[in-house]
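Novice: File coords.txt below, compact mmCIF, C-alpha atoms (C1' of nucleotides):
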# COMPACT_ATOMS: atom_id res chain seq x y z
CA MET E 1 -8.27 15.96 -20.94
CA PHE E 2 -4.91 16.82 -22.44
CA GLN E 3 -5.41 20.52 -22.10
CA ALA E 4 -3.48 21.14 -18.88
CA PHE E 5 -0.94 18.54 -19.94
CA ASP E 6 -0.27 20.30 -23.24
CA LYS E 7 0.05 23.60 -21.50
CA ASN E 8 2.57 22.06 -19.15
CA ILE E 9 4.63 20.67 -22.03
CA THR E 10 4.54 23.86 -24.05
CA THR E 11 6.10 25.83 -21.23
CA TYR E 12 9.21 23.98 -22.35
CA LEU E 13 8.78 23.62 -26.09
CA GLU E 14 6.29 24.27 -28.89
CA LEU E 15 4.95 21.16 -30.57
CA SER E 16 3.19 20.81 -33.90
CA LEU E 17 -0.26 19.28 -33.96
CA GLN E 18 1.08 15.96 -35.25
CA GLU E 19 3.79 15.83 -32.63
CA SER E 20 1.31 16.68 -29.96
CA GLU E 21 -0.96 13.85 -31.09
CA LEU E 22 1.89 11.41 -31.05
CA VAL E 23 2.66 12.42 -27.52
CA HIS E 24 -0.96 11.94 -26.50
CA HIS E 25 -0.91 8.53 -28.10
CA TYR E 26 1.96 7.37 -25.94
CA PHE E 27 0.66 8.65 -22.65
CA GLN E 28 -1.80 6.36 -20.96
CA HIS E 29 -4.70 7.73 -18.99
CA LYS E 30 -5.20 5.97 -15.65
CA THR E 31 -7.22 6.42 -12.50
CA TYR E 32 -6.12 4.88 -9.22
CA PRO E 33 -8.10 4.67 -5.99
CA LYS E 34 -6.84 6.12 -2.73
CA LYS E 35 -3.91 4.29 -1.06
CA THR E 36 -2.72 2.56 -4.22
CA LEU E 37 0.98 1.79 -4.26
CA LEU E 38 2.32 2.87 -7.65
CA LEU E 39 5.86 1.85 -6.76
CA LYS E 40 7.51 -0.30 -4.10
CA PRO E 41 11.19 -0.66 -3.16
CA GLY E 42 12.86 -3.31 -5.24
CA GLN E 43 10.72 -2.60 -8.27
CA VAL E 44 12.06 -0.74 -11.26
CA CYS E 45 9.97 2.39 -11.64
CA ASN E 46 8.24 2.04 -14.96
CA PHE E 47 6.39 5.28 -15.27
CA GLU E 48 6.74 8.96 -15.53
CA ALA E 49 3.39 10.46 -14.74
CA TYR E 50 1.64 13.79 -15.01
CA LEU E 51 -1.10 14.33 -12.42
CA LEU E 52 -4.45 15.46 -13.77
CA ASN E 53 -5.88 15.52 -10.27
CA GLY E 54 -5.55 13.85 -6.91
CA CYS E 55 -2.50 13.64 -4.72
CA VAL E 56 0.40 11.24 -4.30
CA LYS E 57 3.33 10.99 -1.92
CA LYS E 58 6.78 9.70 -2.66
CA TYR E 59 8.53 8.34 0.41
CA TYR E 60 11.19 6.11 1.74
CA ILE E 61 11.41 3.91 4.81
CA ASP E 62 14.74 3.51 6.55
CA GLN E 63 16.19 0.71 8.70
CA ASP E 64 14.38 2.02 11.77
CA ALA E 65 11.04 1.97 9.93
CA ASN E 66 10.87 5.76 9.79
CA GLU E 67 8.96 7.07 6.84
CA THR E 68 10.47 10.11 5.18
CA ILE E 69 8.39 11.87 2.59
CA LEU E 70 10.42 13.17 -0.29
CA GLN E 71 7.70 14.76 -2.33
CA PHE E 72 4.02 15.42 -2.45
CA ALA E 73 2.56 15.82 -5.91
CA VAL E 74 -0.81 17.27 -6.83
CA GLU E 75 -2.51 18.46 -10.04
CA ASP E 76 -0.12 19.63 -12.76
CA TRP E 77 2.93 18.03 -11.14
CA TRP E 78 5.06 15.21 -12.42
CA VAL E 79 5.93 12.19 -10.40
CA SER E 80 8.38 9.34 -10.90
CA ASP E 81 11.45 7.89 -9.29
CA ILE E 82 13.81 9.58 -11.68
CA ALA E 83 16.87 7.57 -10.70
CA SER E 84 15.07 4.25 -10.97
CA PHE E 85 13.16 5.10 -14.13
CA CYS E 86 16.00 6.62 -16.09
CA GLN E 87 18.62 4.08 -15.20
CA GLN E 88 16.12 1.21 -14.99
CA ILE E 89 17.46 0.15 -11.64
CA PRO E 90 15.50 -1.04 -8.58
CA SER E 91 13.96 1.73 -6.57
CA ARG E 92 14.30 2.44 -2.86
CA LEU E 93 11.08 4.40 -2.78
CA TYR E 94 7.37 4.07 -2.34
CA ILE E 95 4.98 6.11 -4.44
CA GLU E 96 1.43 6.01 -3.16
CA THR E 97 -1.83 7.79 -3.90
CA MET E 98 -3.32 9.68 -0.99
CA GLU E 99 -6.59 10.41 -2.77
CA GLU E 100 -8.24 9.00 -5.87
CA THR E 101 -5.80 10.08 -8.53
CA GLU E 102 -6.03 10.53 -12.27
CA LEU E 103 -2.84 10.68 -14.25
CA LEU E 104 -1.17 10.39 -17.63
CA GLN E 105 1.72 8.00 -17.63
CA ILE E 106 4.34 6.70 -19.97
CA ASN E 107 6.69 3.77 -19.50
CA TYR E 108 10.36 3.48 -20.32
CA GLN E 109 10.06 1.60 -23.60
CA GLU E 110 7.37 3.86 -24.95
CA LYS E 111 9.23 6.93 -23.88
CA GLU E 112 12.25 5.76 -25.85
CA LEU E 113 10.01 5.10 -28.88
CA LEU E 114 8.49 8.51 -28.50
CA PHE E 115 11.95 10.08 -28.33
CA LYS E 116 12.87 8.33 -31.57
CA GLN E 117 9.85 9.83 -33.27
CA VAL E 118 9.99 13.25 -31.68
CA PRO E 119 13.63 13.77 -30.73
CA LYS E 120 13.08 17.28 -29.53
CA LEU E 121 11.19 15.84 -26.59
CA GLU E 122 14.57 14.87 -25.19
CA ARG E 123 14.75 18.55 -24.49
CA VAL E 124 11.44 18.70 -22.65
CA PHE E 125 12.43 15.86 -20.40
CA ARG E 126 15.87 17.27 -19.83
CA LEU E 127 14.24 20.49 -18.71
CA LEU E 128 11.83 18.59 -16.50
CA VAL E 129 14.67 16.77 -14.80
CA GLN E 130 16.48 20.06 -14.41
CA ARG E 131 13.48 21.55 -12.71
CA SER E 132 13.22 18.60 -10.37
CA TYR E 133 16.87 19.09 -9.66
CA SER E 134 16.33 22.73 -8.72
CA VAL E 135 13.46 21.85 -6.44
CA LEU E 136 15.51 19.17 -4.72
CA GLU E 137 18.46 21.52 -4.37
CA ASP E 138 16.21 24.06 -2.70
CA ARG E 139 14.93 21.38 -0.39
CA PHE E 140 18.44 20.35 0.44
CA PHE E 141 19.45 23.92 1.27
CA THR E 142 16.63 24.39 3.70
CA VAL E 143 17.31 21.11 5.48
CA ILE E 144 20.97 21.98 5.92
CA THR E 145 20.50 25.63 6.74
CA ASP E 146 17.15 26.23 8.39
CA SER E 147 15.70 25.26 11.74
CA ALA E 148 12.64 23.04 11.83
CA GLU E 149 10.50 26.10 12.49
CA ALA E 150 11.90 27.96 9.50
CA ARG E 151 11.36 24.89 7.33
CA TYR E 152 7.75 24.68 8.41
CA LEU E 153 7.09 28.35 7.69
CA ASN E 154 8.78 27.92 4.35
CA PHE E 155 6.58 24.93 3.59
CA VAL E 156 3.25 26.59 4.33
CA LYS E 157 4.32 29.63 2.36
CA LYS E 158 5.25 27.56 -0.65
CA TYR E 159 2.41 25.04 -0.55
CA PRO E 160 -0.42 26.75 1.32
CA MET E 161 -2.99 24.24 0.11
CA LEU E 162 -1.18 21.14 1.28
CA PRO E 163 -1.71 21.43 5.04
CA GLN E 164 -5.42 21.20 4.32
CA ARG E 165 -5.03 18.10 2.21
CA VAL E 166 -2.49 15.98 4.03
CA PRO E 167 -2.34 14.98 7.70
CA GLN E 168 0.07 16.83 9.88
CA TYR E 169 2.27 13.89 10.73
CA GLN E 170 3.04 13.49 7.06
CA ILE E 171 4.05 17.10 6.79
CA ALA E 172 6.35 16.47 9.74
CA SER E 173 7.81 13.56 7.82
CA TYR E 174 8.33 15.79 4.80
CA LEU E 175 10.08 18.36 6.97
CA GLY E 176 12.31 15.68 8.46
CA ILE E 177 11.05 16.03 12.03
CA THR E 178 8.77 14.05 14.37
CA PRO E 179 5.04 14.76 14.62
CA GLU E 180 5.58 15.87 18.22
CA ALA E 181 8.17 18.41 17.17
CA LEU E 182 5.84 19.86 14.54
CA SER E 183 3.01 20.07 17.02
CA ARG E 184 5.25 22.04 19.38
CA ILE E 185 6.40 24.33 16.62
CA LYS E 186 2.82 25.17 15.73
CA ALA E 187 1.98 25.79 19.40
CA SER E 188 4.95 28.09 19.85
CA LEU E 189 4.14 29.99 16.66
CA SER E 190 0.55 30.64 17.73
CA HIS E 191 1.78 31.95 21.11
CA LYS E 192 4.14 34.36 19.39
CA LYS E 193 1.30 35.88 17.43
CA MET C 1 43.65 15.95 -23.83
CA PHE C 2 40.16 14.90 -24.82
CA GLN C 3 40.75 11.27 -24.07
CA ALA C 4 39.18 11.08 -20.61
CA PHE C 5 36.50 13.53 -21.71
CA ASP C 6 35.48 11.37 -24.67
CA LYS C 7 35.40 8.32 -22.49
CA ASN C 8 33.12 10.15 -20.10
CA ILE C 9 30.76 11.16 -22.91
CA THR C 10 30.66 7.73 -24.49
CA THR C 11 29.45 6.14 -21.27
CA TYR C 12 26.21 7.84 -22.28
CA LEU C 13 26.24 7.72 -26.07
CA GLU C 14 28.43 6.71 -29.00
CA LEU C 15 29.56 9.57 -31.23
CA SER C 16 30.98 9.47 -34.75
CA LEU C 17 34.39 10.98 -35.35
CA GLN C 18 32.87 14.10 -36.92
CA GLU C 19 30.46 14.57 -34.07
CA SER C 20 33.21 14.09 -31.60
CA GLU C 21 35.31 16.72 -33.32
CA LEU C 22 32.43 19.15 -33.29
CA VAL C 23 32.07 18.63 -29.60
CA HIS C 24 35.78 19.22 -29.05
CA HIS C 25 35.53 22.38 -31.05
CA TYR C 26 32.88 23.83 -28.78
CA PHE C 27 34.51 22.98 -25.50
CA GLN C 28 37.12 25.46 -24.40
CA HIS C 29 40.21 24.35 -22.60
CA LYS C 30 41.04 26.51 -19.58
CA THR C 31 43.39 26.47 -16.64
CA TYR C 32 42.62 28.43 -13.50
CA PRO C 33 44.92 29.06 -10.54
CA LYS C 34 44.00 28.04 -7.03
CA LYS C 35 41.26 30.07 -5.30
CA THR C 36 39.73 31.38 -8.51
CA LEU C 37 36.04 32.16 -8.24
CA LEU C 38 34.37 30.67 -11.29
CA LEU C 39 30.93 31.81 -10.15
CA LYS C 40 29.56 34.29 -7.63
CA PRO C 41 26.02 34.79 -6.34
CA GLY C 42 24.09 37.16 -8.57
CA GLN C 43 25.91 36.05 -11.70
CA VAL C 44 24.30 33.83 -14.27
CA CYS C 45 26.36 30.67 -14.46
CA ASN C 46 27.71 30.58 -17.96
CA PHE C 47 29.55 27.31 -18.06
CA GLU C 48 29.21 23.64 -17.78
CA ALA C 49 32.64 22.22 -17.17
CA TYR C 50 34.39 18.87 -17.20
CA LEU C 51 37.40 18.69 -14.88
CA LEU C 52 40.59 17.37 -16.41
CA ASN C 53 42.40 17.75 -13.12
CA GLY C 54 42.39 19.84 -9.98
CA CYS C 55 39.55 20.35 -7.55
CA VAL C 56 36.70 22.80 -7.13
CA LYS C 57 34.05 23.36 -4.51
CA LYS C 58 30.52 24.57 -5.03
CA TYR C 59 29.11 26.30 -1.99
CA TYR C 60 26.58 28.69 -0.67
CA ILE C 61 26.69 31.29 2.10
CA ASP C 62 23.54 31.91 4.12
CA GLN C 63 22.32 34.97 6.07
CA ASP C 64 24.48 34.05 9.05
CA ALA C 65 27.59 33.84 6.87
CA ASN C 66 27.78 30.07 7.21
CA GLU C 67 29.35 28.38 4.24
CA THR C 68 27.68 25.16 3.16
CA ILE C 69 29.48 23.06 0.60
CA LEU C 70 27.16 21.41 -1.87
CA GLN C 71 29.68 19.57 -3.96
CA PHE C 72 33.33 18.88 -4.40
CA ALA C 73 34.43 18.05 -7.91
CA VAL C 74 37.70 16.47 -8.98
CA GLU C 75 39.08 14.87 -12.15
CA ASP C 76 36.44 13.38 -14.42
CA TRP C 77 33.56 15.18 -12.71
CA TRP C 78 31.27 17.81 -14.11
CA VAL C 79 30.58 21.09 -12.41
CA SER C 80 28.08 23.85 -13.01
CA ASP C 81 25.19 25.52 -11.26
CA ILE C 82 22.58 23.55 -13.14
CA ALA C 83 19.63 25.71 -12.11
CA SER C 84 21.36 28.96 -13.01
CA PHE C 85 22.93 27.68 -16.22
CA CYS C 86 19.93 25.93 -17.65
CA GLN C 87 17.39 28.59 -16.83
CA GLN C 88 19.88 31.44 -17.27
CA ILE C 89 18.90 32.95 -13.95
CA PRO C 90 21.16 34.51 -11.30
CA SER C 91 22.91 31.99 -9.11
CA ARG C 92 22.97 31.79 -5.32
CA LEU C 93 26.19 29.81 -5.36
CA TYR C 94 29.92 30.18 -5.37
CA ILE C 95 32.08 27.88 -7.43
CA GLU C 96 35.74 28.12 -6.56
CA THR C 97 38.91 26.25 -7.43
CA MET C 98 40.74 24.72 -4.48
CA GLU C 99 43.79 23.76 -6.48
CA GLU C 100 45.11 24.76 -9.87
CA THR C 101 42.42 23.36 -12.08
CA GLU C 102 42.28 22.43 -15.74
CA LEU C 103 38.89 22.05 -17.34
CA LEU C 104 36.88 21.89 -20.52
CA GLN C 105 33.99 24.29 -20.52
CA ILE C 106 31.12 25.29 -22.72
CA ASN C 107 28.81 28.27 -22.38
CA TYR C 108 25.08 28.47 -22.85
CA GLN C 109 25.01 29.89 -26.37
CA GLU C 110 27.58 27.47 -27.68
CA LYS C 111 25.87 24.56 -26.01
CA GLU C 112 22.65 25.47 -27.79
CA LEU C 113 24.54 25.72 -31.09
CA LEU C 114 26.13 22.39 -30.45
CA PHE C 115 22.74 20.85 -29.70
CA LYS C 116 21.47 22.16 -33.02
CA GLN C 117 24.30 20.46 -34.83
CA VAL C 118 24.35 17.27 -32.78
CA PRO C 119 20.85 16.89 -31.38
CA LYS C 120 21.55 13.57 -29.80
CA LEU C 121 23.71 15.38 -27.28
CA GLU C 122 20.50 16.52 -25.66
CA ARG C 123 20.42 12.98 -24.45
CA VAL C 124 23.91 13.05 -22.98
CA PHE C 125 23.14 16.17 -21.02
CA ARG C 126 19.79 14.87 -19.91
CA LEU C 127 21.55 11.81 -18.55
CA LEU C 128 24.16 13.97 -16.87
CA VAL C 129 21.49 16.01 -15.13
CA GLN C 130 19.76 12.81 -14.12
CA ARG C 131 22.94 11.54 -12.59
CA SER C 132 23.41 14.79 -10.68
CA TYR C 133 19.85 14.42 -9.51
CA SER C 134 20.50 10.92 -8.18
CA VAL C 135 23.61 12.07 -6.37
CA LEU C 136 21.72 14.95 -4.78
CA GLU C 137 18.84 12.69 -3.81
CA ASP C 138 21.28 10.37 -2.09
CA ARG C 139 22.80 13.30 -0.30
CA PHE C 140 19.38 14.44 0.79
CA PHE C 141 18.50 11.03 2.18
CA THR C 142 21.60 10.83 4.31
CA VAL C 143 21.11 14.31 5.74
CA ILE C 144 17.52 13.54 6.70
CA THR C 145 18.13 10.02 7.91
CA ASP C 146 21.66 9.57 9.21
CA SER C 147 23.51 10.92 12.20
CA ALA C 148 26.54 13.12 11.67
CA GLU C 149 28.80 10.16 12.43
CA ALA C 150 27.05 7.95 9.88
CA ARG C 151 27.28 10.71 7.28
CA TYR C 152 31.00 11.07 7.90
CA LEU C 153 31.60 7.34 7.57
CA ASN C 154 29.53 7.33 4.43
CA PHE C 155 31.57 10.19 3.05
CA VAL C 156 34.99 8.65 3.60
CA LYS C 157 33.77 5.38 2.16
CA LYS C 158 32.45 7.05 -0.97
CA TYR C 159 35.22 9.57 -1.51
CA PRO C 160 38.28 8.11 0.23
CA MET C 161 40.63 10.45 -1.59
CA LEU C 162 38.94 13.67 -0.61
CA PRO C 163 39.91 13.87 3.08
CA GLN C 164 43.51 14.01 1.92
CA ARG C 165 42.83 16.81 -0.50
CA VAL C 166 40.45 19.15 1.27
CA PRO C 167 40.69 20.67 4.74
CA GLN C 168 38.60 19.09 7.43
CA TYR C 169 36.44 22.11 8.16
CA GLN C 170 35.26 22.03 4.59
CA ILE C 171 34.30 18.40 4.91
CA ALA C 172 32.35 19.41 8.01
CA SER C 173 30.63 22.03 5.92
CA TYR C 174 29.80 19.42 3.28
CA LEU C 175 28.37 17.14 5.95
CA GLY C 176 26.30 19.98 7.37
CA ILE C 177 27.98 20.08 10.78
CA THR C 178 30.46 22.35 12.57
CA PRO C 179 34.22 21.73 12.42
CA GLU C 180 34.17 21.09 16.19
CA ALA C 181 31.55 18.39 15.79
CA LEU C 182 33.56 16.63 13.08
CA SER C 183 36.69 16.78 15.18
CA ARG C 184 34.82 15.09 18.03
CA ILE C 185 33.38 12.46 15.74
CA LYS C 186 36.83 11.55 14.51
CA ALA C 187 38.15 11.41 18.08
CA SER C 188 35.32 9.17 19.20
CA LEU C 189 35.76 6.88 16.20
CA SER C 190 39.45 6.41 16.87
CA HIS C 191 38.72 5.50 20.51
CA LYS C 192 36.20 2.90 19.43
CA LYS C 193 38.80 1.15 17.32
C1' DC X 1 61.18 31.60 12.04
C1' DG X 2 56.81 33.71 12.75
C1' DA X 3 52.04 34.63 11.59
C1' DA X 4 47.90 32.90 10.19
C1' DA X 5 44.98 29.10 9.62
C1' DA X 6 43.27 24.64 10.98
C1' DT X 7 42.26 21.47 14.49
C1' DT X 8 41.34 19.94 19.07
C1' DT X 9 39.45 20.29 23.63
C1' DG X 10 36.42 22.06 27.35
C1' DA X 11 32.17 23.96 29.35
C1' DC X 12 27.74 24.94 28.64
C1' DA X 13 23.27 25.70 26.00
C1' DT X 14 19.61 24.04 23.23
C1' DG X 15 16.73 21.96 19.69
C1' DA X 16 14.85 17.93 18.56
C1' DC X 17 14.01 12.97 19.86
C1' DT X 18 11.88 9.25 22.66
C1' DC X 19 8.48 7.44 25.37
C1' DA X 20 4.34 7.84 27.69
C1' DA X 21 0.06 9.79 28.93
C1' DC X 22 -3.81 12.44 27.70
C1' DT X 23 -7.38 14.83 24.58
C1' DG X 24 -10.56 15.08 21.06
C1' DG X 25 -12.91 13.85 16.94
C1' DA X 26 -14.61 10.28 13.45
C1' DG X 27 -16.53 6.29 12.62
C1' DT X 28 -18.89 1.81 14.02
C1' DG X 29 -22.05 -1.16 16.01
C1' DG X 30 -25.23 -2.46 19.61
C1' DC Y 1 -28.22 7.73 20.47
C1' DC Y 2 -24.73 6.28 23.31
C1' DA Y 3 -20.52 3.57 24.24
C1' DC Y 4 -16.38 1.99 22.17
C1' DT Y 5 -12.46 2.10 19.51
C1' DC Y 6 -9.09 4.10 16.69
C1' DC Y 7 -6.15 7.52 15.20
C1' DA Y 8 -4.26 12.15 14.91
C1' DG Y 9 -2.73 15.57 17.59
C1' DT Y 10 -1.04 17.64 21.97
C1' DT Y 11 1.59 17.90 26.17
C1' DG Y 12 5.12 16.59 29.67
C1' DA Y 13 9.61 14.78 31.34
C1' DG Y 14 14.00 13.25 30.53
C1' DT Y 15 17.91 12.42 27.24
C1' DC Y 16 21.18 13.17 23.71
C1' DA Y 17 23.41 14.96 19.68
C1' DT Y 18 25.05 18.88 18.01
C1' DG Y 19 25.71 23.87 18.40
C1' DT Y 20 28.16 27.99 20.48
C1' DC Y 21 31.88 30.30 22.43
C1' DA Y 22 36.44 30.42 24.16
C1' DA Y 23 40.99 28.79 24.75
C1' DA Y 24 44.84 25.76 23.76
C1' DT Y 25 47.48 23.27 20.41
C1' DT Y 26 49.14 21.94 15.96
C1' DT Y 27 49.97 22.61 11.16
C1' DT Y 28 50.89 25.25 7.11
C1' DC Y 29 53.30 28.29 4.45
C1' DG Y 30 55.36 32.82 3.20
Before we go any further, please render this structure as structure tokens.
Specialist:
Amino acid sequence: MFQAFDKNITTYLELSLQESELVHHYFQHKTYPKKTLLLKPGQVCNFEAYLLNGCVKKYYIDQDANETILQFAVEDWWVSDIASFCQQIPSRLYIETMEETELLQINYQEKELLFKQVPKLERVFRLLVQRSYSVLEDRFFTVITDSAEARYLNFVKKYPMLPQRVPQYQIASYLGITPEALSRIKASLSHKK
Amino acid sequence: MFQAFDKNITTYLELSLQESELVHHYFQHKTYPKKTLLLKPGQVCNFEAYLLNGCVKKYYIDQDANETILQFAVEDWWVSDIASFCQQIPSRLYIETMEETELLQINYQEKELLFKQVPKLERVFRLLVQRSYSVLEDRFFTVITDSAEARYLNFVKKYPMLPQRVPQYQIASYLGITPEALSRIKASLSHKK
DNA sequence: CGAAAATTTGACATGACTCAACTGGAGTGG
DNA sequence: CCACTCCAGTTGAGTCATGTCAAATTTTCG
């Protein structure tokens, strides 16, 4: 069960067997059915989770009730509301399973305990945050720079499996456009071909 | 000289006098004239810097030669290309001083040495990255959600001193709009009043 | 003072949004 | 097995915010 998880961790840092076992001890194994809300606005996000399988979306709903998807996560990805979790402040986000989802999660208190026992994990989590930062920066660039069409092409290139797993209107939400706009983009692309 | 710097660090973590002195030892004090390029695309970013005074911009130029400003930094802010620095990969960004700028900087090798001697600094830098992440996430939300006018209002509310220090077309670039658009937004806002 | 840079204004083009109607497939129940 | 409903996706018409290009004006600074 911890195989993929360990592999993920060791891309950042080698751990001894004892350390590794301590880590396993602190991470809780959970399975959630489809459409479970793991986090709601107002709550303090109390988990950092590694996905063993399944799929979750992290999104946000603005004043006009528009849902904007910030992130999809599938197997071997991490999910959390970093800002809320790390600073223990109320979140503005929803995190919701889109399929039955199995994950390994740790809460704030336990993570701090784990850090005390294996300080070099600070490094792993610093690197994880840094990677999230890079991904977000990338995302930000494309929103600022690229047209909706370019963003869509970029998306399918980067995550070719996702269009098969998530409905199109949610991809539109991820891209920051309306479902109608995405439908038109797809139509125009297939004409070009 | 290290007074503001120490205060900045200790918002994250208390350090002993010895630790503090070690930190000071590793950070280099530098002064750069206006319009100095601290980083160019293709280079690996080799600094993480704390601004004592002055002002820098971090930006990116796309295929169509449009400049998009990612961040302004002034006194008491940190600046670096996190992705490039942390992963030691070539950057896509420019970092440039907009005024004569005094800063404390550390390079990758020395930062690693410092971490070896004061491991708990891993924590400080993890928290710093987390804060950058939150700021970027905020930025991302507003770009996706808000109109150009709302983004501008948001900007002046958050950074009231910046419009006086940086030219308007660069603020437009930060907001992700053209200088003409910003000019019109300002005109329309002053009519409303 | 004069040149270069920044800002404003105007005219026009366009990408994406809204709202509404229509299509098609998936499930449900009689 | 068909009729019904529901929901995602598509298509059309009109609107609006922002972009582009060009010119005029103002500001900055050597």
Novice: As a CSV table (one decimal) with C-alpha atoms (C1' of nucleotides), keeping the file's coordinate frame, could you give me every residue of chain Y near chain C (at most 9 Å apart, counting all atoms listed in the file)?
Specialist:
chain,number,residue,atom,x,y,z
Y,17,DA,C1',23.4,15.0,19.7
Y,18,DT,C1',25.0,18.9,18.0
Y,19,DG,C1',25.7,23.9,18.4
Novice: Return the neighbours of chain X among the residues of chain C, cut-off 9 Å, counting all atoms listed in the file, as a list in words.
Specialist: Pro167, Gln168, Tyr169, Pro179, Glu180, Ser183 and Arg184 of chain C
Novice: Please, could you write that set of residues out with C-alpha atoms as a PDB file, in the coordinates of the input?
Specialist:
ATOM      1  CA  PRO C 167      40.690  20.670   4.740  1.00  0.00           C
ATOM      2  CA  GLN C 168      38.600  19.090   7.430  1.00  0.00           C
ATOM      3  CA  TYR C 169      36.440  22.110   8.160  1.00  0.00           C
ATOM      4  CA  PRO C 179      34.220  21.730  12.420  1.00  0.00           C
ATOM      5  CA  GLU C 180      34.170  21.090  16.190  1.00  0.00           C
ATOM      6  CA  SER C 183      36.690  16.780  15.180  1.00  0.00           C
ATOM      7  CA  ARG C 184      34.820  15.090  18.030  1.00  0.00           C
TER       8      ARG C 184
END
Novice: Starting from the point (46.6, 20.9, -7.4), work out which residues of protein, DNA or RNA have an atom no more than 6 Å away when counting all atoms listed in the file; state them as a list in words.
Specialist: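 The requested residues, written out, are Gly54, Glu99 and Glu100 of chain C.
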Novice: Residues of chain E were defined as contacting chain C if any atom lay at most 7 Å from it, counting all atoms listed in the file; please report them as a ChimeraX atom specification.
Specialist: /E:83,122-123,126,129-130,133-134,140,144,176
Novice: Might you pull out every residue within 8 Å of stretch 26-35 of chain C, with all atoms listed in the file counted and same-chain residues fewer than 2 positions away left off, and present them as a list in words?
Specialist: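 Within the cut-off, the hits are Leu22, Val23, His24, Leu37, Glu96, Thr97, Met98, Glu99, Glu100, Thr101, Glu102, Leu103, Leu104, Gln105, Ile106, Glu110, Lys111 and Leu114 of chain C.
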Novice: Measure the distance from atom CA of C:Ile9 to atom CA of C:Val74 in Å and round it to one decimal.
Specialist: 16.4 Å
Novice: With C-alpha atoms (C1' of nucleotides) as the atom set, please write chain X from the structure just given, as a PDB file, in the first residue's frame.
Specialist:
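After the write, decode04.pdb holds the following:
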ATOM      1  C1'  DC X   1      15.171  73.213 -23.747  1.00  0.00           C
ATOM      2  C1'  DG X   2      14.448  69.138 -26.375  1.00  0.00           C
ATOM      3  C1'  DA X   3      14.004  64.202 -26.941  1.00  0.00           C
ATOM      4  C1'  DA X   4      12.202  60.178 -25.322  1.00  0.00           C
ATOM      5  C1'  DA X   5       8.963  57.901 -22.564  1.00  0.00           C
ATOM      6  C1'  DA X   6       4.491  57.554 -20.427  1.00  0.00           C
ATOM      7  C1'  DT X   7      -0.262  58.446 -20.570  1.00  0.00           C
ATOM      8  C1'  DT X   8      -4.595  59.543 -22.618  1.00  0.00           C
ATOM      9  C1'  DT X   9      -8.039  59.433 -26.170  1.00  0.00           C
ATOM     10  C1'  DG X  10     -10.434  57.752 -30.364  1.00  0.00           C
ATOM     11  C1'  DA X  11     -12.086  54.300 -33.671  1.00  0.00           C
ATOM     12  C1'  DC X  12     -12.655  49.825 -34.533  1.00  0.00           C
ATOM     13  C1'  DA X  13     -12.137  44.636 -33.964  1.00  0.00           C
ATOM     14  C1'  DT X  14     -12.811  40.525 -31.415  1.00  0.00           C
ATOM     15  C1'  DG X  15     -12.972  36.914 -27.935  1.00  0.00           C
ATOM     16  C1'  DA X  16     -15.612  35.435 -24.486  1.00  0.00           C
ATOM     17  C1'  DC X  17     -20.046  35.948 -21.824  1.00  0.00           C
ATOM     18  C1'  DT X  18     -25.117  35.627 -21.245  1.00  0.00           C
ATOM     19  C1'  DC X  19     -29.364  33.811 -22.188  1.00  0.00           C
ATOM     20  C1'  DA X  20     -32.172  30.811 -24.604  1.00  0.00           C
ATOM     21  C1'  DA X  21     -33.310  27.040 -27.448  1.00  0.00           C
ATOM     22  C1'  DC X  22     -32.230  22.618 -29.118  1.00  0.00           C
ATOM     23  C1'  DT X  23     -29.976  17.813 -29.296  1.00  0.00           C
ATOM     24  C1'  DG X  24     -28.735  13.559 -27.583  1.00  0.00           C
ATOM     25  C1'  DG X  25     -27.755  10.086 -24.272  1.00  0.00           C
ATOM     26  C1'  DA X  26     -28.484   7.813 -19.565  1.00  0.00           C
ATOM     27  C1'  DG X  27     -31.297   6.397 -16.347  1.00  0.00           C
ATOM     28  C1'  DT X  28     -36.058   5.479 -14.320  1.00  0.00           C
ATOM     29  C1'  DG X  29     -40.504   3.793 -13.900  1.00  0.00           C
ATOM     30  C1'  DG X  30     -44.908   2.430 -15.777  1.00  0.00           C
TER      31       DG X  30
END
